[in-house]
Amino acid sequence: MDKDVMVGFGGKQAWLAIRDGDPAEVLATLGLRDLGHVPWRDGIDLAHLTDDRVAVTPPLPGADGSTWVLVVGRFLLRPETALDLTDLSKRLQTEVQLFATHRVTETHRWQRAADGTLIRAFGYVGQTGDVTSWYGDPDEVELATGLPATYRLDDDDPDPEQPLDESMLASLDVELTQLLDEGGEVRASGGDASTVLVSEHDVLRVAEGWSIDPTGLDGRMAPGPLRLGAAA
């Protein structure tokens with residue numbers, strides 16, 4: 001594992017980025033069992049193929065000259081996974097970010113909290129054209145993706161706290177495929193189509209600006225092995 005190479009990730013996945021984090025402390029704070037070190041390929045594969053495992057990177061250099069620990073896994077997509085980013089950032093006493101993306105249904109989310117304060121939350125489902133979450137003001141990184149400077153959620157918009165559900169996303173995959181096969185149209189955005197249009201690429205751009213684009217890790221020499229965490 002000393003000569004291991006990193007394996008990138010991002011598509012159809014969710015991950016956390018913790019500024020100046022310690023992998024063991026992060027796992028303990030998340031309430032996950034620490035299963036020890038694992039080669040990068042094995043850890044990333046488990047993060048994609050199971051819903052009760054997460055892979056935790058060693059500290060990696062990223063935005064603002066800080067190091068970032070990334071926690072990746074479908075476990076973060078489960079509706080029963082209680083993940084309060086504000087509380088997590090308070091307990092870790094640092095900045096914590098959440099990213100999630102699903103390119104087929106165009107379901108995308110990013111959130112940011114620091115020291116117990118929610119800074120920003122954004123969620124979007126391109127298949128239905130809904131902005132599902134909007135809290136705080138977008139920064140220059142987000143504005144560069146084409147987001148508007150302001151947006152107001154309607155009263156009948158989806159619950160902004162509704163978690164991403166992988167089973168729901170899989171179902172939407174099937175529905176979207178059927179719709180395309182039947183020659184139907186998919187709305188690119190909601191009531192104001194010219195205002196919000198977000199893709200997986202935009203999630204990765206925000207991740208790069210805020211912390212680390214995880215797809216850029218692929219093939220680079222690893223500074224250390226992954227740690228594997230498991231739900232209790």
# chains A, B, ... in the order shown; residues from 1 in each chain; ligands from 1
>>> select_by_dssp(residues="region 5-232 of chain A", states="strand (DSSP E)", output="ChimeraX atom specification")
/A:13-19,33-38,53-56,60-61,67-72,95-102,107-114,117-125,130-135,226-230
>>> residues_around(residues="region 199-216 of chain A", least_positions_apart="6", cutoff="7 Å", atoms="only C-alpha atoms", output="ChimeraX atom specification")
/A:8-10,17,62-63,68,101-103,106,108,141-142,145
>>> residues_around(residues="Gly31 (chain A)", least_positions_apart="6", cutoff="10 Å", atoms="only C-alpha atoms", output="PyMOL selection string")
chain A and resi 25+229-232
>>> atom_distance(atom1="CA of Ala113 (chain A)", atom2="CA of Gly126 (chain A)")
24.5 Å
>>> closest_atom_pairs(of="region 11-51 of chain A", to="region 75-90 of chain A", cutoff="12 Å", atoms="only C-alpha atoms", output="CSV")
residue,atom,partner,partner_atom,distance
A:Lys12,CA,A:Leu77,CA,9.8
A:Gln13,CA,A:Leu77,CA,7.8
A:Ala14,CA,A:Leu76,CA,6.1
A:Trp15,CA,A:Leu76,CA,7.1
A:Leu16,CA,A:Leu76,CA,8.7
A:Ala17,CA,A:Ser89,CA,10.7
A:Ile18,CA,A:Ser89,CA,8.4
A:Arg19,CA,A:Ser89,CA,9.7
A:Asp20,CA,A:Ser89,CA,11.8
A:Gly21,CA,A:Ser89,CA,10.6
A:Glu25,CA,A:Leu88,CA,11.5
A:Val26,CA,A:Leu88,CA,9.2
A:Leu27,CA,A:Leu88,CA,11.2
A:Ala28,CA,A:Leu88,CA,11.1
A:Thr29,CA,A:Leu88,CA,7.4
A:Leu30,CA,A:Leu88,CA,7.8
A:Gly31,CA,A:Ala82,CA,10.4
A:Leu32,CA,A:Phe75,CA,10.7
A:Leu46,CA,A:Phe75,CA,10.5
A:Ala47,CA,A:Phe75,CA,7.8
A:His48,CA,A:Phe75,CA,9.2
A:Leu49,CA,A:Phe75,CA,10.1
A:Thr50,CA,A:Phe75,CA,7.6
A:Asp51,CA,A:Phe75,CA,4.5
>>> residues_around(residues="Pro225 (chain A)", least_positions_apart="2", cutoff="7 Å", atoms="only C-alpha atoms", output="list in words")
Met1, His37, Val38, Pro39, Trp40, Pro58, Ala222 and Arg227 of chain A
>>> write_last_selection(atoms="N, CA, C and O atoms", output="short mmCIF file (atom, residue, chain, number, x, y, z; two decimals), in the first residue's frame")
data_model
loop_
_atom_site.label_atom_id
_atom_site.label_comp_id
_atom_site.auth_asym_id
_atom_site.auth_seq_id
_atom_site.Cartn_x
_atom_site.Cartn_y
_atom_site.Cartn_z
N MET A 1 0.82 -1.20 0.00
CA MET A 1 0.00 0.00 0.00
C MET A 1 0.86 1.26 0.00
O MET A 1 0.40 2.34 -0.28
N HIS A 37 -7.07 -0.02 7.47
CA HIS A 37 -6.61 0.40 6.16
C HIS A 37 -7.04 -0.57 5.06
O HIS A 37 -7.22 -1.77 5.30
N VAL A 38 -7.16 -0.03 3.86
CA VAL A 38 -7.56 -0.82 2.71
C VAL A 38 -6.93 -0.19 1.47
O VAL A 38 -6.75 1.03 1.41
N PRO A 39 -6.52 -0.99 0.46
CA PRO A 39 -6.00 -0.41 -0.78
C PRO A 39 -7.04 0.50 -1.43
O PRO A 39 -8.25 0.29 -1.29
N TRP A 40 -6.56 1.48 -2.16
CA TRP A 40 -7.46 2.47 -2.74
C TRP A 40 -8.51 1.83 -3.65
O TRP A 40 -9.69 2.16 -3.55
N PRO A 58 -6.65 9.75 3.35
CA PRO A 58 -5.74 10.52 4.20
C PRO A 58 -5.89 12.00 3.88
O PRO A 58 -6.53 12.35 2.87
N ALA A 222 -0.58 7.88 -4.07
CA ALA A 222 -1.32 8.08 -2.83
C ALA A 222 -0.37 8.43 -1.69
O ALA A 222 0.67 7.79 -1.53
N ARG A 227 -8.86 4.48 4.74
CA ARG A 227 -9.44 3.79 5.87
C ARG A 227 -10.85 3.40 5.48
O ARG A 227 -11.53 4.13 4.76
#
>>> residues_around(residues="Ile119 (chain A)", least_positions_apart="5", cutoff="8 Å", atoms="only C-alpha atoms", output="MDAnalysis selection string")
chainID A and resid 111:114 135:136
>>> write_last_selection(atoms="all heavy atoms", output="PDB file, in the first residue's frame")
ATOM      1  N   GLN A 111     -23.441  21.323  -0.017  1.00  0.00           N
ATOM      2  CA  GLN A 111     -23.700  22.034   1.233  1.00  0.00           C
ATOM      3  C   GLN A 111     -22.366  22.354   1.896  1.00  0.00           C
ATOM      4  O   GLN A 111     -21.365  21.663   1.680  1.00  0.00           O
ATOM      5  CB  GLN A 111     -24.555  21.187   2.193  1.00  0.00           C
ATOM      6  CG  GLN A 111     -25.931  20.858   1.671  1.00  0.00           C
ATOM      7  CD  GLN A 111     -26.720  20.003   2.645  1.00  0.00           C
ATOM      8  OE1 GLN A 111     -26.310  19.783   3.781  1.00  0.00           O
ATOM      9  NE2 GLN A 111     -27.863  19.504   2.195  1.00  0.00           N
ATOM     10  N   ARG A 112     -22.410  23.372   2.746  1.00  0.00           N
ATOM     11  CA  ARG A 112     -21.184  23.815   3.411  1.00  0.00           C
ATOM     12  C   ARG A 112     -21.536  24.361   4.787  1.00  0.00           C
ATOM     13  O   ARG A 112     -22.433  25.201   4.925  1.00  0.00           O
ATOM     14  CB  ARG A 112     -20.536  24.897   2.558  1.00  0.00           C
ATOM     15  CG  ARG A 112     -19.149  25.342   2.958  1.00  0.00           C
ATOM     16  CD  ARG A 112     -18.641  26.370   1.948  1.00  0.00           C
ATOM     17  NE  ARG A 112     -17.201  26.531   1.995  1.00  0.00           N
ATOM     18  CZ  ARG A 112     -16.517  27.303   1.156  1.00  0.00           C
ATOM     19  NH1 ARG A 112     -17.153  27.996   0.212  1.00  0.00           N
ATOM     20  NH2 ARG A 112     -15.200  27.397   1.266  1.00  0.00           N
ATOM     21  N   ALA A 113     -20.834  23.872   5.826  1.00  0.00           N
ATOM     22  CA  ALA A 113     -21.030  24.360   7.191  1.00  0.00           C
ATOM     23  C   ALA A 113     -19.673  24.476   7.863  1.00  0.00           C
ATOM     24  O   ALA A 113     -18.739  23.738   7.533  1.00  0.00           O
ATOM     25  CB  ALA A 113     -21.930  23.419   7.984  1.00  0.00           C
ATOM     26  N   ALA A 114     -19.555  25.386   8.808  1.00  0.00           N
ATOM     27  CA  ALA A 114     -18.291  25.580   9.515  1.00  0.00           C
ATOM     28  C   ALA A 114     -18.562  25.899  10.974  1.00  0.00           C
ATOM     29  O   ALA A 114     -19.367  26.793  11.282  1.00  0.00           O
ATOM     30  CB  ALA A 114     -17.468  26.696   8.879  1.00  0.00           C
ATOM     31  N   TYR A 135     -30.084  27.803   0.396  1.00  0.00           N
ATOM     32  CA  TYR A 135     -29.845  28.542   1.637  1.00  0.00           C
ATOM     33  C   TYR A 135     -28.545  29.316   1.482  1.00  0.00           C
ATOM     34  O   TYR A 135     -27.538  28.764   1.026  1.00  0.00           O
ATOM     35  CB  TYR A 135     -29.738  27.588   2.827  1.00  0.00           C
ATOM     36  CG  TYR A 135     -29.431  28.307   4.124  1.00  0.00           C
ATOM     37  CD1 TYR A 135     -30.449  28.831   4.907  1.00  0.00           C
ATOM     38  CD2 TYR A 135     -28.109  28.477   4.545  1.00  0.00           C
ATOM     39  CE1 TYR A 135     -30.167  29.506   6.088  1.00  0.00           C
ATOM     40  CE2 TYR A 135     -27.820  29.153   5.724  1.00  0.00           C
ATOM     41  CZ  TYR A 135     -28.855  29.671   6.487  1.00  0.00           C
ATOM     42  OH  TYR A 135     -28.568  30.347   7.641  1.00  0.00           O
ATOM     43  N   GLY A 136     -28.555  30.570   1.874  1.00  0.00           N
ATOM     44  CA  GLY A 136     -27.361  31.398   1.764  1.00  0.00           C
ATOM     45  C   GLY A 136     -27.159  31.897   0.341  1.00  0.00           C
ATOM     46  O   GLY A 136     -27.945  31.609  -0.564  1.00  0.00           O
TER      47      GLY A 136
END
>>> closest_residue(among="A:Gly129, A:Gly73, A:Gly11, A:Gly43", to="Leu228 (chain A)", atoms="only C-alpha atoms")
A:Gly43
>>> closest_residue(among="A:Pro223, A:Gly116, A:Val7, A:Val198", to="Thr67 (chain A)", atoms="only C-alpha atoms")
A:Pro223
>>> atom_distance(atom1="CA of Thr94 (chain A)", atom2="CA of Val54 (chain A)")
20.3 Å
>>> closest_residue(among="A:Asp130, A:Asp137, A:Glu95, A:Asp52", to="Thr117 (chain A)", atoms="only C-alpha atoms")
A:Glu95
>>> atom_distance(atom1="CA of Leu197 (chain A)", atom2="CA of Arg74 (chain A)")
24.5 Å
